[in-house]
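Structure file coords.pdb with PDB, C-alpha atoms, pLDDT in the B column:
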```pdb
ATOM      1  CA  MET A   9     141.227 111.518  87.319  1.00 92.00           C
ATOM      2  CA  ILE A  10     139.020 109.666  84.820  1.00 94.00           C
ATOM      3  CA  VAL A  11     137.248 106.649  86.329  1.00 97.00           C
ATOM      4  CA  GLY A  12     135.500 104.140  84.093  1.00 97.00           C
ATOM      5  CA  ILE A  13     132.253 102.434  85.094  1.00 98.00           C
ATOM      6  CA  THR A  14     131.545  99.068  83.518  1.00 97.00           C
ATOM      7  CA  GLY A  15     129.435  95.989  84.080  1.00 96.00           C
ATOM      8  CA  ASN A  16     127.246  93.729  82.016  1.00 96.00           C
ATOM      9  CA  ILE A  17     123.832  94.639  80.661  1.00 94.00           C
ATOM     10  CA  GLY A  18     121.290  95.392  83.390  1.00 95.00           C
ATOM     11  CA  SER A  19     123.901  95.562  86.158  1.00 96.00           C
ATOM     12  CA  GLY A  20     122.967  99.092  87.191  1.00 96.00           C
ATOM     13  CA  LYS A  21     125.738 101.172  85.619  1.00 97.00           C
ATOM     14  CA  SER A  22     123.335 103.951  84.647  1.00 96.00           C
ATOM     15  CA  THR A  23     121.705 104.029  88.064  1.00 97.00           C
ATOM     16  CA  LEU A  24     125.107 104.250  89.731  1.00 98.00           C
ATOM     17  CA  SER A  25     125.999 107.034  87.285  1.00 98.00           C
ATOM     18  CA  LYS A  26     122.843 108.936  88.282  1.00 97.00           C
ATOM     19  CA  PHE A  27     123.757 108.682  91.961  1.00 98.00           C
ATOM     20  CA  LEU A  28     127.278 109.940  91.201  1.00 98.00           C
ATOM     21  CA  SER A  29     125.865 112.806  89.189  1.00 97.00           C
ATOM     22  CA  LEU A  30     123.437 113.708  91.991  1.00 96.00           C
ATOM     23  CA  GLY A  31     126.468 113.703  94.286  1.00 95.00           C
ATOM     24  CA  GLY A  32     127.986 116.504  92.226  1.00 96.00           C
ATOM     25  CA  PHE A  33     130.325 114.508  89.986  1.00 97.00           C
ATOM     26  CA  THR A  34     130.555 114.863  86.228  1.00 97.00           C
ATOM     27  CA  VAL A  35     129.539 111.644  84.501  1.00 97.00           C
ATOM     28  CA  TYR A  36     129.842 110.961  80.785  1.00 97.00           C
ATOM     29  CA  ASP A  37     128.173 108.120  78.909  1.00 96.00           C
ATOM     30  CA  ALA A  38     130.369 106.424  76.293  1.00 94.00           C
ATOM     31  CA  ASP A  39     127.234 105.236  74.457  1.00 92.00           C
ATOM     32  CA  ARG A  40     126.021 108.817  74.143  1.00 95.00           C
ATOM     33  CA  ILE A  41     129.466 109.922  72.969  1.00 96.00           C
ATOM     34  CA  GLY A  42     129.391 107.064  70.450  1.00 95.00           C
ATOM     35  CA  LYS A  43     126.006 108.193  69.114  1.00 95.00           C
ATOM     36  CA  GLU A  44     127.317 111.743  68.660  1.00 96.00           C
ATOM     37  CA  VAL A  45     130.444 110.466  66.909  1.00 97.00           C
ATOM     38  CA  LEU A  46     128.295 108.212  64.707  1.00 97.00           C
ATOM     39  CA  GLN A  47     126.210 111.137  63.461  1.00 96.00           C
ATOM     40  CA  LYS A  48     129.191 113.504  63.051  1.00 96.00           C
ATOM     41  CA  GLU A  49     132.813 112.419  62.587  1.00 96.00           C
ATOM     42  CA  ALA A  50     132.066 108.795  61.602  1.00 97.00           C
ATOM     43  CA  LYS A  51     128.935 109.343  59.539  1.00 97.00           C
ATOM     44  CA  ASP A  52     130.550 109.374  56.088  1.00 96.00           C
ATOM     45  CA  ASP A  53     132.671 106.286  56.805  1.00 97.00           C
ATOM     46  CA  VAL A  54     129.718 104.361  58.241  1.00 97.00           C
ATOM     47  CA  VAL A  55     127.535 105.211  55.232  1.00 96.00           C
ATOM     48  CA  ARG A  56     130.364 104.237  52.880  1.00 96.00           C
ATOM     49  CA  VAL A  57     130.736 100.816  54.573  1.00 95.00           C
ATOM     50  CA  PHE A  58     127.087 100.021  55.385  1.00 95.00           C
ATOM     51  CA  GLY A  59     125.180 101.853  52.671  1.00 94.00           C
ATOM     52  CA  ARG A  60     123.014 104.923  52.166  1.00 94.00           C
ATOM     53  CA  GLU A  61     119.883 102.954  53.084  1.00 93.00           C
ATOM     54  CA  LEU A  62     120.857 103.592  56.718  1.00 93.00           C
ATOM     55  CA  LEU A  63     120.039 107.269  56.317  1.00 95.00           C
ATOM     56  CA  THR A  64     116.705 108.634  57.465  1.00 94.00           C
ATOM     57  CA  ASP A  65     114.775 111.259  55.501  1.00 93.00           C
ATOM     58  CA  SER A  66     116.458 113.915  57.639  1.00 94.00           C
ATOM     59  CA  GLY A  67     119.923 112.607  56.709  1.00 93.00           C
ATOM     60  CA  LEU A  68     120.806 110.992  60.024  1.00 96.00           C
ATOM     61  CA  ILE A  69     121.945 107.401  60.463  1.00 97.00           C
ATOM     62  CA  ASP A  70     119.058 105.208  61.602  1.00 96.00           C
ATOM     63  CA  THR A  71     120.675 103.619  64.650  1.00 94.00           C
ATOM     64  CA  ARG A  72     118.048 100.875  64.908  1.00 90.00           C
ATOM     65  CA  LYS A  73     118.718  99.739  61.349  1.00 94.00           C
ATOM     66  CA  LEU A  74     122.442  99.865  61.973  1.00 95.00           C
ATOM     67  CA  ALA A  75     122.101  97.897  65.229  1.00 90.00           C
ATOM     68  CA  SER A  76     120.022  95.189  63.542  1.00 88.00           C
ATOM     69  CA  ILE A  77     122.751  94.806  60.911  1.00 91.00           C
ATOM     70  CA  VAL A  78     125.850  94.791  63.112  1.00 91.00           C
ATOM     71  CA  PHE A  79     124.495  92.844  66.073  1.00 81.00           C
ATOM     72  CA  SER A  80     123.590  89.940  63.803  1.00 82.00           C
ATOM     73  CA  ASP A  81     127.098  89.574  62.365  1.00 87.00           C
ATOM     74  CA  PRO A  82     130.306  89.781  64.436  1.00 86.00           C
ATOM     75  CA  LEU A  83     132.376  90.794  61.392  1.00 93.00           C
ATOM     76  CA  LEU A  84     130.087  93.726  60.663  1.00 94.00           C
ATOM     77  CA  LEU A  85     130.151  94.730  64.325  1.00 92.00           C
ATOM     78  CA  LYS A  86     133.939  94.747  64.159  1.00 93.00           C
ATOM     79  CA  LYS A  87     133.826  96.966  61.070  1.00 96.00           C
ATOM     80  CA  LEU A  88     131.650  99.438  62.937  1.00 96.00           C
ATOM     81  CA  THR A  89     133.776  99.422  66.080  1.00 93.00           C
ATOM     82  CA  ASP A  90     136.923  99.856  63.970  1.00 95.00           C
ATOM     83  CA  ILE A  91     135.394 103.096  62.697  1.00 97.00           C
ATOM     84  CA  LEU A  92     133.843 104.373  65.927  1.00 96.00           C
ATOM     85  CA  HIS A  93     136.167 103.376  68.746  1.00 93.00           C
ATOM     86  CA  PRO A  94     139.260 105.378  67.784  1.00 94.00           C
ATOM     87  CA  LEU A  95     137.044 108.458  67.479  1.00 95.00           C
ATOM     88  CA  ILE A  96     135.365 107.789  70.834  1.00 94.00           C
ATOM     89  CA  LEU A  97     138.773 107.371  72.478  1.00 92.00           C
ATOM     90  CA  GLU A  98     139.847 110.720  71.020  1.00 92.00           C
ATOM     91  CA  ARG A  99     136.827 112.316  72.707  1.00 93.00           C
ATOM     92  CA  LEU A 100     137.705 110.577  75.966  1.00 91.00           C
ATOM     93  CA  LYS A 101     141.277 111.855  75.756  1.00 89.00           C
ATOM     94  CA  GLY A 102     139.845 115.346  75.424  1.00 91.00           C
ATOM     95  CA  LEU A 103     138.040 114.813  78.726  1.00 90.00           C
ATOM     96  CA  LYS A 104     141.349 114.170  80.485  1.00 86.00           C
ATOM     97  CA  SER A 105     142.689 117.591  79.583  1.00 86.00           C
ATOM     98  CA  LYS A 106     139.329 119.314  80.091  1.00 91.00           C
ATOM     99  CA  HIS A 107     138.912 117.903  83.606  1.00 90.00           C
ATOM    100  CA  SER A 108     142.493 117.639  84.851  1.00 85.00           C
ATOM    101  CA  GLY A 109     142.584 117.943  88.620  1.00 86.00           C
ATOM    102  CA  SER A 110     139.048 116.675  89.196  1.00 92.00           C
ATOM    103  CA  VAL A 111     137.338 113.299  89.352  1.00 95.00           C
ATOM    104  CA  VAL A 112     135.177 112.479  86.327  1.00 96.00           C
ATOM    105  CA  PHE A 113     133.334 109.231  85.610  1.00 97.00           C
ATOM    106  CA  VAL A 114     132.709 107.597  82.228  1.00 97.00           C
ATOM    107  CA  GLU A 115     130.070 104.900  81.930  1.00 97.00           C
ATOM    108  CA  ALA A 116     131.361 102.412  79.342  1.00 95.00           C
ATOM    109  CA  ALA A 117     129.740  98.982  79.168  1.00 91.00           C
ATOM    110  CA  VAL A 118     132.425  97.563  76.873  1.00 88.00           C
ATOM    111  CA  ALA A 119     135.469  99.090  78.563  1.00 92.00           C
ATOM    112  CA  VAL A 120     137.143  95.735  79.136  1.00 94.00           C
ATOM    113  CA  GLU A 121     135.943  94.060  75.930  1.00 90.00           C
ATOM    114  CA  TYR A 122     137.622  96.733  73.809  1.00 88.00           C
ATOM    115  CA  GLY A 123     140.648  97.481  75.984  1.00 90.00           C
ATOM    116  CA  TRP A 124     139.458 100.907  77.105  1.00 89.00           C
ATOM    117  CA  HIS A 125     140.137  99.996  80.728  1.00 91.00           C
ATOM    118  CA  THR A 126     143.793 100.871  80.100  1.00 92.00           C
ATOM    119  CA  PHE A 127     142.757 104.454  79.323  1.00 91.00           C
ATOM    120  CA  PHE A 128     141.040 105.022  82.676  1.00 95.00           C
ATOM    121  CA  ASP A 129     142.827 105.950  85.881  1.00 94.00           C
ATOM    122  CA  GLY A 130     140.537 103.539  87.734  1.00 96.00           C
ATOM    123  CA  LEU A 131     137.793 101.089  86.824  1.00 97.00           C
ATOM    124  CA  VAL A 132     134.547 100.444  88.693  1.00 98.00           C
ATOM    125  CA  VAL A 133     132.820  97.154  87.931  1.00 98.00           C
ATOM    126  CA  VAL A 134     129.112  97.036  88.776  1.00 98.00           C
ATOM    127  CA  PHE A 135     128.010  93.491  89.555  1.00 97.00           C
ATOM    128  CA  ALA A 136     124.530  91.955  89.631  1.00 96.00           C
ATOM    129  CA  TYR A 137     123.384  88.373  89.309  1.00 96.00           C
ATOM    130  CA  ARG A 138     122.535  87.248  85.776  1.00 95.00           C
ATOM    131  CA  GLY A 139     118.843  86.756  86.540  1.00 94.00           C
ATOM    132  CA  GLN A 140     118.588  90.246  88.016  1.00 95.00           C
ATOM    133  CA  ARG A 141     120.407  91.773  85.068  1.00 95.00           C
ATOM    134  CA  LEU A 142     118.330  90.029  82.426  1.00 95.00           C
ATOM    135  CA  LEU A 143     115.090  90.950  84.172  1.00 95.00           C
ATOM    136  CA  ARG A 144     116.131  94.621  84.284  1.00 94.00           C
ATOM    137  CA  ALA A 145     117.382  94.629  80.692  1.00 94.00           C
ATOM    138  CA  ALA A 146     114.316  92.773  79.390  1.00 95.00           C
ATOM    139  CA  ARG A 147     112.115  95.625  80.612  1.00 94.00           C
ATOM    140  CA  ARG A 148     114.032  97.949  78.321  1.00 90.00           C
ATOM    141  CA  PHE A 149     114.979  95.783  75.334  1.00 88.00           C
ATOM    142  CA  GLY A 150     112.853  92.635  75.551  1.00 92.00           C
ATOM    143  CA  LEU A 151     114.236  89.294  76.733  1.00 93.00           C
ATOM    144  CA  LYS A 152     115.542  88.100  73.363  1.00 90.00           C
ATOM    145  CA  GLU A 153     117.530  91.291  72.822  1.00 86.00           C
ATOM    146  CA  ALA A 154     118.772  91.319  76.427  1.00 90.00           C
ATOM    147  CA  LEU A 155     120.048  87.745  76.033  1.00 91.00           C
ATOM    148  CA  ARG A 156     121.732  88.559  72.739  1.00 84.00           C
ATOM    149  CA  ARG A 157     123.481  91.623  74.152  1.00 84.00           C
ATOM    150  CA  ASP A 158     124.496  89.727  77.271  1.00 90.00           C
ATOM    151  CA  SER A 159     126.117  87.057  75.101  1.00 87.00           C
ATOM    152  CA  LEU A 160     128.378  89.692  73.521  1.00 82.00           C
ATOM    153  CA  GLN A 161     129.849  90.765  76.852  1.00 88.00           C
ATOM    154  CA  LEU A 162     132.662  89.175  78.816  1.00 92.00           C
ATOM    155  CA  PRO A 163     131.726  87.229  81.939  1.00 93.00           C
ATOM    156  CA  TYR A 164     132.379  88.860  85.297  1.00 93.00           C
ATOM    157  CA  SER A 165     135.219  86.416  85.943  1.00 92.00           C
ATOM    158  CA  GLU A 166     137.138  88.330  83.233  1.00 93.00           C
ATOM    159  CA  LYS A 167     135.955  91.875  84.021  1.00 94.00           C
ATOM    160  CA  LEU A 168     136.802  91.565  87.696  1.00 95.00           C
ATOM    161  CA  LYS A 169     140.466  91.014  86.807  1.00 96.00           C
ATOM    162  CA  TYR A 170     140.616  94.696  85.823  1.00 96.00           C
ATOM    163  CA  ALA A 171     138.477  96.155  88.619  1.00 96.00           C
ATOM    164  CA  ASP A 172     139.893  98.758  90.947  1.00 97.00           C
ATOM    165  CA  TYR A 173     136.507  99.122  92.650  1.00 97.00           C
ATOM    166  CA  LEU A 174     133.562  96.736  92.892  1.00 97.00           C
ATOM    167  CA  ILE A 175     129.949  97.792  93.326  1.00 98.00           C
ATOM    168  CA  CYS A 176     127.607  94.928  94.189  1.00 96.00           C
ATOM    169  CA  ASN A 177     124.147  95.886  92.924  1.00 96.00           C
ATOM    170  CA  THR A 178     122.165  92.927  94.185  1.00 96.00           C
ATOM    171  CA  GLY A 179     120.128  94.793  96.790  1.00 94.00           C
ATOM    172  CA  THR A 180     118.022  97.921  97.072  1.00 95.00           C
ATOM    173  CA  LEU A 181     118.449 101.324  95.456  1.00 95.00           C
ATOM    174  CA  LEU A 182     119.331 102.718  98.874  1.00 96.00           C
ATOM    175  CA  HIS A 183     122.148 100.182  99.164  1.00 97.00           C
ATOM    176  CA  LEU A 184     123.439 101.188  95.716  1.00 97.00           C
ATOM    177  CA  LYS A 185     123.289 104.872  96.707  1.00 97.00           C
ATOM    178  CA  GLU A 186     125.292 104.128  99.858  1.00 97.00           C
ATOM    179  CA  GLN A 187     127.883 102.267  97.795  1.00 96.00           C
ATOM    180  CA  ALA A 188     128.137 105.242  95.426  1.00 97.00           C
ATOM    181  CA  GLU A 189     128.874 107.502  98.392  1.00 96.00           C
ATOM    182  CA  LEU A 190     131.508 105.098  99.755  1.00 96.00           C
ATOM    183  CA  LEU A 191     133.060 104.804  96.301  1.00 97.00           C
ATOM    184  CA  THR A 192     133.479 108.551  95.917  1.00 96.00           C
ATOM    185  CA  GLU A 193     134.885 108.893  99.434  1.00 95.00           C
ATOM    186  CA  GLU A 194     137.469 106.233  98.633  1.00 95.00           C
ATOM    187  CA  ILE A 195     138.385 107.759  95.271  1.00 94.00           C
ATOM    188  CA  LEU A 196     138.745 111.236  96.763  1.00 92.00           C
ATOM    189  CA  ARG A 197     141.139 109.842  99.396  1.00 89.00           C
ATOM    190  CA  CYS A 198     143.496 108.600  96.659  1.00 77.00           C
TER     191      CYS A 198
END
```

What would the structure in this file look like if it were written as structure tokens?
Amino acid sequence: MIVGITGNIGSGKSTLSKFLSLGGFTVYDADRIGKEVLQKEAKDDVVRVFGRELLTDSGLIDTRKLASIVFSDPLLLKKLTDILHPLILERLKGLKSKHSGSVVFVEAAVAVEYGWHTFFDGLVVVFAYRGQRLLRAARRFGLKEALRRDSLQLPYSEKLKYADYLICNTGTLLHLKEQAELLTEEILRC
């Protein structure tokens, strides 16, 4: 069973994923898979579309340069996702066969935005209030970047339509850990 974990920026998806991992579950990160795909299978296509100036001296794609280009123009972001997403989904499909018979989680912030929720056997939505999320995300990205990324994501009113499980991350870390334990108990009962 492949269970997706989604939620808007700063909601606590990664922290939930850490608790699940500490609980003995395998957890994949779609962003990490995307970065691997970007540097391997998609590299030639991305360079062809966005230019060789994206390459570092060591021949890798400079992800910061690429992000500054695509996150400032929705059409360019679509071009990138059109290249990357089919390849990421192929990797995710490989996980289904690799882990058949066990419960595996995939953290994917844009699962609903890009229709990936239909791939998963279940979808966990991690909720936090906007102020909490932006404060958390601003520590990592800066407030301007956190606001920009937040604006690219669907509101919770849309994401919750696809939720099989809801994690409310508005309290303490201990409360989130307890919810992770309850979540896995519920999933294992299914």

Quiz prompt | Selection near A:Asp39, 9 Å with only C-alpha atoms, sequence-local residues under 3 positions removed, as a PyMOL selection string | solution = chain A and resi 36+42-44+115-117

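Taken over the shown file, the PyMOL selection byres ((chain A and resi 87) around 12) identifies Ala50, Asp53, Val54, Val55, Arg56, Val57, Phe58, Leu74, Ile77, Val78, Phe79, Asp81, Pro82, Leu83, Leu84, Leu85, Lys86, Leu88, Thr89, Asp90, Ile91, Leu92 and His93 of chain A.
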
Taking the file above as input, evaluate the PyMOL selection byres ((chain A and resi 190-193) around 10) and report the hits as a CSV table (one decimal) with C-alpha atoms, in the frame of the given file.
```
chain,number,residue,atom,x,y,z
A,28,LEU,CA,127.3,109.9,91.2
A,31,GLY,CA,126.5,113.7,94.3
A,33,PHE,CA,130.3,114.5,90.0
A,111,VAL,CA,137.3,113.3,89.4
A,132,VAL,CA,134.5,100.4,88.7
A,173,TYR,CA,136.5,99.1,92.6
A,174,LEU,CA,133.6,96.7,92.9
A,175,ILE,CA,129.9,97.8,93.3
A,184,LEU,CA,123.4,101.2,95.7
A,185,LYS,CA,123.3,104.9,96.7
A,186,GLU,CA,125.3,104.1,99.9
A,187,GLN,CA,127.9,102.3,97.8
A,188,ALA,CA,128.1,105.2,95.4
A,189,GLU,CA,128.9,107.5,98.4
A,194,GLU,CA,137.5,106.2,98.6
A,195,ILE,CA,138.4,107.8,95.3
A,196,LEU,CA,138.7,111.2,96.8
A,197,ARG,CA,141.1,109.8,99.4
A,198,CYS,CA,143.5,108.6,96.7
```

Extract, using only C-alpha atoms, all DNA, RNA and protein residues at most 6 Å from stretch 119-130 of chain A, discarding same-chain residues fewer than 5 positions from it, and format them as a PDB file with C-alpha atoms, in the frame of the given file.
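As a result, result01.pdb now contains:
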```pdb
ATOM      1  CA  MET A   9     141.227 111.518  87.319  1.00 92.00           C
ATOM      2  CA  ILE A  10     139.020 109.666  84.820  1.00 94.00           C
ATOM      3  CA  VAL A  11     137.248 106.649  86.329  1.00 97.00           C
ATOM      4  CA  GLY A  12     135.500 104.140  84.093  1.00 97.00           C
ATOM      5  CA  ASP A 172     139.893  98.758  90.947  1.00 97.00           C
TER       6      ASP A 172
END
```

Quiz item: So what do you get for atom CA of A:Thr23 versus atom CA of A:Lys167, distance-wise?
Solution: 19.2 Å

Practice problem: Find the spatial neighbours of A:Lys73, counting all atoms listed in the file, within a cut-off of 10 Å - ignore same-chain residues fewer than 3 positions away - and output them as a ChimeraX atom specification. | Solution: /A:61-64,69-70,76-78

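With distances restricted to all atoms listed in the file, A:Ser22 is the closest residue to A:Ala145 from A:Ser22, A:Ser66, A:Ser108, A:Ser80.
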